[in-house]
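Structure file upload-v8.pdb (PDB, C-alpha atoms) is printed below.
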```pdb
ATOM      1  CA  MET U   1      40.190 137.395  26.441
ATOM      2  CA  GLU U   2      41.727 134.001  27.125
ATOM      3  CA  CYS U   3      40.777 131.165  24.782
ATOM      4  CA  SER U   4      41.336 127.483  25.308
ATOM      5  CA  SER U   5      42.469 125.132  22.613
ATOM      6  CA  ALA U   6      44.156 121.775  22.381
ATOM      7  CA  VAL U   7      47.502 120.693  21.011
ATOM      8  CA  VAL U   8      47.524 117.198  19.565
ATOM      9  CA  LEU U   9      50.798 115.295  19.820
ATOM     10  CA  PRO U  10      51.390 111.909  18.201
ATOM     11  CA  VAL U  11      52.423 109.140  20.586
ATOM     12  CA  GLN U  12      55.432 107.013  19.697
ATOM     13  CA  GLY U  13      54.915 103.286  19.983
ATOM     14  CA  ALA U  14      53.141 100.292  18.512
ATOM     15  CA  GLY U  15      49.538 101.495  18.782
ATOM     16  CA  VAL U  16      47.873 104.482  17.236
ATOM     17  CA  GLY U  17      47.244 107.183  19.779
ATOM     18  CA  ARG U  18      47.227 110.858  20.539
ATOM     19  CA  VAL U  19      47.759 113.029  23.550
ATOM     20  CA  VAL U  20      45.578 116.104  23.887
ATOM     21  CA  LEU U  21      47.006 118.990  25.953
ATOM     22  CA  PRO U  22      44.914 122.042  26.848
ATOM     23  CA  VAL U  23      46.708 125.323  26.107
ATOM     24  CA  GLN U  24      45.837 128.948  26.878
ATOM     25  CA  VAL U  25      46.038 130.353  23.335
ATOM     26  CA  GLN U  26      46.190 134.091  23.867
ATOM     27  CA  SER U  27      48.894 134.048  26.548
ATOM     28  CA  PHE U  28      50.859 131.458  24.556
ATOM     29  CA  TRP U  29      50.802 133.557  21.358
ATOM     30  CA  ARG U  30      51.390 136.826  23.211
ATOM     31  CA  ARG U  31      54.533 135.396  24.775
ATOM     32  CA  ARG U  32      55.696 133.883  21.458
ATOM     33  CA  THR U  33      55.008 137.118  19.563
ATOM     34  CA  THR U  34      56.947 139.174  22.099
ATOM     35  CA  GLU U  35      59.909 136.767  21.904
ATOM     36  CA  TRP U  36      59.767 136.837  18.118
ATOM     37  CA  ARG U  37      59.709 140.665  18.019
ATOM     38  CA  CYS U  38      62.722 140.844  20.348
ATOM     39  CA  ARG U  39      64.679 138.347  18.247
ATOM     40  CA  LEU U  40      63.708 140.083  15.022
ATOM     41  CA  ALA U  41      64.662 143.505  16.362
ATOM     42  CA  SER U  42      68.039 142.289  17.576
ATOM     43  CA  SER U  43      68.864 140.472  14.339
ATOM     44  CA  VAL U  44      67.703 143.149  11.885
ATOM     45  CA  ALA U  45      68.599 146.399  13.590
ATOM     46  CA  PRO U  46      72.293 147.107  14.034
ATOM     47  CA  ALA U  47      73.570 147.580  17.547
ATOM     48  CA  ARG U  48      72.891 151.025  18.888
ATOM     49  CA  CYS U  49      76.365 152.471  19.002
ATOM     50  CA  SER U  50      78.323 155.205  17.296
ATOM     51  CA  LYS U  51      80.257 152.794  15.038
ATOM     52  CA  MET U  52      79.419 152.417  11.355
ATOM     53  CA  TYR U  53      78.087 149.027  10.273
ATOM     54  CA  VAL U  54      80.236 147.598   7.469
ATOM     55  CA  PRO U  55      78.653 144.654   5.611
ATOM     56  CA  GLY U  56      80.588 142.042   3.694
ATOM     57  CA  PHE U  57      83.205 141.000   6.232
ATOM     58  CA  GLY U  58      81.918 137.560   7.172
ATOM     59  CA  GLU U  59      85.335 136.363   8.308
ATOM     60  CA  GLY U  60      85.818 139.288  10.646
ATOM     61  CA  SER U  61      85.854 143.040  10.710
ATOM     62  CA  PRO U  62      87.597 145.532   8.425
ATOM     63  CA  GLU U  63      90.085 146.004  11.254
ATOM     64  CA  ARG U  64      90.864 142.280  11.192
ATOM     65  CA  LYS U  65      91.401 142.416   7.433
ATOM     66  CA  ALA U  66      93.734 145.408   7.885
ATOM     67  CA  ALA U  67      95.623 143.541  10.638
ATOM     68  CA  ILE U  68      96.202 140.594   8.290
ATOM     69  CA  ILE U  69      97.536 142.929   5.601
ATOM     70  CA  LEU U  70      99.753 144.656   8.167
ATOM     71  CA  GLN U  71     101.085 141.282   9.314
ATOM     72  CA  HIS U  72     102.214 140.538   5.752
ATOM     73  CA  PHE U  73     103.771 143.999   5.555
ATOM     74  CA  PHE U  74     105.594 143.546   8.886
ATOM     75  CA  ASN U  75     106.955 140.233   7.629
ATOM     76  CA  TYR U  76     108.301 142.011   4.547
ATOM     77  CA  ILE U  77     109.952 144.642   6.763
ATOM     78  CA  ALA U  78     111.497 141.953   8.970
ATOM     79  CA  VAL U  79     112.906 140.150   5.928
ATOM     80  CA  THR U  80     114.484 143.371   4.617
ATOM     81  CA  VAL U  81     115.970 144.117   8.070
ATOM     82  CA  VAL U  82     117.444 140.615   8.367
ATOM     83  CA  LEU U  83     118.802 140.828   4.815
ATOM     84  CA  ALA U  84     120.478 144.156   5.594
ATOM     85  CA  GLN U  85     122.031 142.674   8.741
ATOM     86  CA  LEU U  86     123.266 139.572   6.898
ATOM     87  CA  GLU U  87     124.750 141.606   4.052
ATOM     88  CA  SER U  88     127.246 143.222   6.392
ATOM     89  CA  TYR U  89     128.392 140.210   8.449
ATOM     90  CA  ASN U  90     127.359 136.891   6.791
ATOM     91  CA  ARG U  91     127.445 137.099   3.007
ATOM     92  CA  GLU U  92     126.842 133.372   2.504
ATOM     93  CA  ALA U  93     123.588 133.405   4.513
ATOM     94  CA  TYR U  94     122.651 136.670   2.775
ATOM     95  CA  PHE U  95     122.895 135.074  -0.687
ATOM     96  CA  GLU U  96     121.087 131.918   0.472
ATOM     97  CA  LEU U  97     118.170 133.987   1.827
ATOM     98  CA  LYS U  98     118.128 136.178  -1.325
ATOM     99  CA  GLU U  99     117.946 133.049  -3.487
ATOM    100  CA  PHE U 100     115.071 131.680  -1.373
ATOM    101  CA  ILE U 101     113.199 135.007  -1.663
ATOM    102  CA  SER U 102     113.658 135.006  -5.437
ATOM    103  CA  ARG U 103     111.693 131.741  -5.741
ATOM    104  CA  THR U 104     109.204 132.191  -2.865
ATOM    105  CA  SER U 105     106.546 134.899  -2.701
ATOM    106  CA  LEU U 106     106.508 137.286   0.247
ATOM    107  CA  ASN U 107     102.792 138.025  -0.293
ATOM    108  CA  ASP U 108     101.653 135.589   2.436
ATOM    109  CA  ALA U 109     103.751 135.901   5.592
ATOM    110  CA  GLU U 110     102.723 132.574   7.115
ATOM    111  CA  ILE U 111     103.360 130.491   4.002
ATOM    112  CA  PHE U 112     106.703 132.226   3.455
ATOM    113  CA  CYS U 113     107.880 131.535   7.022
ATOM    114  CA  LYS U 114     106.644 127.910   6.965
ATOM    115  CA  LYS U 115     108.561 127.210   3.759
ATOM    116  CA  LEU U 116     111.639 129.021   5.058
ATOM    117  CA  MET U 117     111.689 126.949   8.265
ATOM    118  CA  ARG U 118     111.553 123.682   6.315
ATOM    119  CA  GLU U 119     114.128 124.578   3.657
ATOM    120  CA  SER U 120     117.397 123.999   5.548
ATOM    121  CA  PRO U 121     118.817 124.262   9.085
ATOM    122  CA  ARG U 122     120.451 127.619   8.303
ATOM    123  CA  LEU U 123     117.255 129.046   6.831
ATOM    124  CA  LYS U 124     115.324 127.707   9.830
ATOM    125  CA  GLY U 125     117.528 129.882  12.035
ATOM    126  CA  LEU U 126     116.948 132.850   9.733
ATOM    127  CA  ALA U 127     113.197 132.210   9.851
ATOM    128  CA  MET U 128     113.346 132.365  13.654
ATOM    129  CA  ARG U 129     115.286 135.613  13.383
ATOM    130  CA  ILE U 130     112.667 137.043  10.979
ATOM    131  CA  LEU U 131     109.870 136.118  13.407
ATOM    132  CA  GLU U 132     111.792 137.765  16.250
ATOM    133  CA  VAL U 133     112.402 140.962  14.244
ATOM    134  CA  ARG U 134     108.770 141.054  13.094
ATOM    135  CA  SER U 135     107.483 140.773  16.646
ATOM    136  CA  GLY U 136     109.954 143.323  18.002
ATOM    137  CA  TYR U 137     109.176 145.825  15.281
ATOM    138  CA  VAL U 138     105.418 145.580  15.810
ATOM    139  CA  LYS U 139     105.661 145.897  19.591
ATOM    140  CA  ASN U 140     108.455 148.447  19.944
ATOM    141  CA  ASP U 141     109.291 150.334  16.773
ATOM    142  CA  PHE U 142     106.187 150.788  14.623
ATOM    143  CA  GLU U 143     104.583 154.187  15.187
ATOM    144  CA  TRP U 144     100.886 153.325  15.562
ATOM    145  CA  ASP U 145      99.860 156.915  16.395
ATOM    146  CA  ASN U 146     101.593 158.171  13.272
ATOM    147  CA  LEU U 147      99.755 155.548  11.192
ATOM    148  CA  LYS U 148      96.434 156.857  12.477
ATOM    149  CA  LYS U 149      97.343 160.507  11.815
ATOM    150  CA  LEU U 150      98.659 159.750   8.329
ATOM    151  CA  SER U 151      95.569 157.677   7.484
ATOM    152  CA  PHE U 152      93.228 160.511   8.495
ATOM    153  CA  LYS U 153      95.310 163.075   6.617
ATOM    154  CA  MET U 154      95.632 161.012   3.427
ATOM    155  CA  VAL U 155      91.911 160.177   3.278
ATOM    156  CA  ASP U 156      90.949 163.825   3.836
ATOM    157  CA  GLU U 157      93.407 165.060   1.200
ATOM    158  CA  ALA U 158      92.295 162.446  -1.343
ATOM    159  CA  ASN U 159      88.612 163.248  -0.746
ATOM    160  CA  THR U 160      89.248 166.983  -1.116
ATOM    161  CA  LYS U 161      91.219 166.480  -4.338
ATOM    162  CA  LEU U 162      88.546 164.224  -5.850
ATOM    163  CA  MET U 163      85.754 166.648  -4.952
ATOM    164  CA  ARG U 164      87.752 169.632  -6.282
ATOM    165  CA  ASP U 165      88.515 167.819  -9.545
ATOM    166  CA  TYR U 166      84.848 166.873  -9.955
ATOM    167  CA  VAL U 167      83.645 170.438  -9.390
ATOM    168  CA  VAL U 168      86.167 171.744 -11.912
ATOM    169  CA  GLU U 169      85.108 169.085 -14.410
ATOM    170  CA  VAL U 170      81.358 169.678 -14.190
ATOM    171  CA  SER U 171      81.462 173.448 -13.852
ATOM    172  CA  HIS U 172      84.002 174.042 -16.647
ATOM    173  CA  ILE U 173      85.925 176.423 -14.416
ATOM    174  CA  GLU U 174      89.621 176.607 -15.089
ATOM    175  CA  ASP U 175      91.694 175.654 -12.083
ATOM    176  CA  GLU U 176      94.532 178.163 -11.619
ATOM    177  CA  ASN U 177      96.898 175.273 -10.751
ATOM    178  CA  HIS U 178      96.255 173.556 -14.104
ATOM    179  CA  ILE U 179      97.002 176.566 -16.337
TER     180      ILE U 179
END
```
Structure re-expressed in structure tokens:
Amino acid sequence: MECSSAVVLPVQGAGVGRVVLPVQVQSFWRRRTTEWRCRLASSVAPARCSKMYVPGFGEGSPERKAAIILQHFFNYIAVTVVLAQLESYNREAYFELKEFISRTSLNDAEIFCKKLMRESPRLKGLAMRILEVRSGYVKNDFEWDNLKKLSFKMVDEANTKLMRDYVVEVSHIEDENHI
């Protein structure tokens, strides 16, 4: 059943006035309710896919967080590679880079490289070399498939060990490996 009603809107201006608009109430609310249900369903229910929803990563995904950590790790690898190269053919640059590393943290790759570039002309060249090695290692030398296999294996082994230890603990059964 369609009902009629009126919406009263104030009129802007010097005088006091109102505009009355007739509205079909039922069709208006039916449409609004349907839109609201669709929005609510899409915002509350996770997307229908086979991936696990992981809350708490407002800045990105867990994969993004892992990529940031890997970037710091790749920077560390590049620094150790450049140091090893310098040790054999340019001892002066080797000691200068070692001294810089001793007073600058390698925990944040971007901050480390920014500071290194601004330290001296020689260290700026070494910073460029570190960036080049980092990029080359990530693109050509790092074994991404092996990382995936090792991650699966290590998680499975750790889970199995924790479950085995728990069962032994709560059941008071002696483990033959711990005798």
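Atom CA of U:Lys115 is positioned 16.9 Å from atom CA of U:Phe95.
Nearest-residue note for U:Tyr76: choosing from U:Glu119, U:Glu63, U:Glu110, U:Glu96, the minimum distance belongs to U:Glu110, counting all atoms listed in the file.
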* Expected selection from the PyMOL selection byres ((chain U and resi 117) around 12), given as a list of chain:residue names -> U:Leu97, U:Phe100, U:Glu110, U:Ile111, U:Phe112, U:Cys113, U:Lys114, U:Lys115, U:Leu116, U:Arg118, U:Glu119, U:Ser120, U:Pro121, U:Arg122, U:Leu123, U:Lys124, U:Gly125, U:Leu126, U:Ala127, U:Met128, U:Arg129, U:Ile130, U:Leu131
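Taking atom CA of U:Leu106 and atom CA of U:Val138 as endpoints, the distance between them is 17.7 Å.
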* Name every residue that the PyMOL selection byres ((chain U and resi 133) around 12) selects in this structure, writing the answer as a PyMOL selection string with chains first and numbers rising. => chain U and resi 74-83+85+126-132+134-142
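Our summary of the geometry notes that atom CA of U:His72 is positioned 6.6 Å from atom CA of U:Asn107.
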For stretch 95-174 of chain U in the structure I just supplied, write out C-alpha atoms - as a short mmCIF file (atom, residue, chain, number, x, y, z; two decimals), in the first residue's frame.
```cif
data_model
loop_
_atom_site.label_atom_id
_atom_site.label_comp_id
_atom_site.auth_asym_id
_atom_site.auth_seq_id
_atom_site.Cartn_x
_atom_site.Cartn_y
_atom_site.Cartn_z
CA PHE U 95 86.76 0.93 7.29
CA GLU U 96 84.79 4.12 6.57
CA LEU U 97 81.60 2.10 5.93
CA LYS U 98 82.25 -0.09 9.02
CA GLU U 99 82.62 3.04 11.15
CA PHE U 100 79.36 4.46 9.76
CA ILE U 101 77.55 1.16 10.48
CA SER U 102 78.87 1.15 14.05
CA ARG U 103 77.08 4.45 14.78
CA THR U 104 73.99 4.04 12.56
CA SER U 105 71.32 1.38 13.03
CA LEU U 106 70.57 -1.00 10.18
CA ASN U 107 67.06 -1.68 11.56
CA ASP U 108 65.37 0.77 9.16
CA ALA U 109 66.67 0.43 5.61
CA GLU U 110 65.38 3.77 4.35
CA ILE U 111 66.75 5.84 7.22
CA PHE U 112 70.10 4.05 6.99
CA CYS U 113 70.43 4.72 3.25
CA LYS U 114 69.30 8.37 3.57
CA LYS U 115 71.92 9.04 6.25
CA LEU U 116 74.58 7.17 4.28
CA MET U 117 73.92 9.25 1.14
CA ARG U 118 74.30 12.51 3.06
CA GLU U 119 77.40 11.57 5.05
CA SER U 120 80.15 12.10 2.45
CA PRO U 121 80.71 11.81 -1.31
CA ARG U 122 82.43 8.43 -0.92
CA LEU U 123 79.64 7.05 1.26
CA LYS U 124 77.09 8.43 -1.22
CA GLY U 125 78.69 6.21 -3.86
CA LEU U 126 78.60 3.26 -1.48
CA ALA U 127 74.94 3.96 -0.73
CA MET U 128 74.20 3.80 -4.47
CA ARG U 129 76.10 0.52 -4.64
CA ILE U 130 74.08 -0.86 -1.69
CA LEU U 131 70.82 0.11 -3.41
CA GLU U 132 72.00 -1.57 -6.61
CA VAL U 133 73.01 -4.78 -4.79
CA ARG U 134 69.74 -4.81 -2.83
CA SER U 135 67.67 -4.51 -5.99
CA GLY U 136 69.72 -7.10 -7.87
CA TYR U 137 69.55 -9.59 -5.03
CA VAL U 138 65.78 -9.28 -4.68
CA LYS U 139 65.14 -9.60 -8.42
CA ASN U 140 67.73 -12.19 -9.40
CA ASP U 141 69.25 -14.10 -6.50
CA PHE U 142 66.72 -14.50 -3.69
CA GLU U 143 64.97 -17.87 -3.85
CA TRP U 144 61.30 -16.95 -3.37
CA ASP U 145 60.05 -20.52 -3.93
CA ASN U 146 62.44 -21.80 -1.28
CA LEU U 147 61.17 -19.15 1.15
CA LYS U 148 57.62 -20.40 0.68
CA LYS U 149 58.60 -24.07 1.12
CA LEU U 150 60.70 -23.33 4.21
CA SER U 151 57.92 -21.21 5.74
CA PHE U 152 55.36 -24.00 5.30
CA LYS U 153 57.78 -26.60 6.66
CA MET U 154 58.86 -24.54 9.68
CA VAL U 155 55.29 -23.65 10.68
CA ASP U 156 54.17 -27.28 10.38
CA GLU U 157 57.15 -28.56 12.38
CA ALA U 158 56.70 -25.92 15.10
CA ASN U 159 52.96 -26.66 15.37
CA THR U 160 53.61 -30.41 15.60
CA LYS U 161 56.27 -29.94 18.28
CA LEU U 162 54.06 -27.64 20.36
CA MET U 163 51.10 -30.01 20.14
CA ARG U 164 53.30 -33.03 20.98
CA ASP U 165 54.82 -31.23 23.97
CA TYR U 166 51.37 -30.23 25.21
CA VAL U 167 50.01 -33.77 24.96
CA VAL U 168 53.02 -35.12 26.83
CA GLU U 169 52.61 -32.44 29.50
CA VAL U 170 48.90 -32.97 30.15
CA SER U 171 48.87 -36.74 29.81
CA HIS U 172 51.97 -37.38 31.95
CA ILE U 173 53.29 -39.79 29.34
CA GLU U 174 57.04 -40.04 29.14
#
```
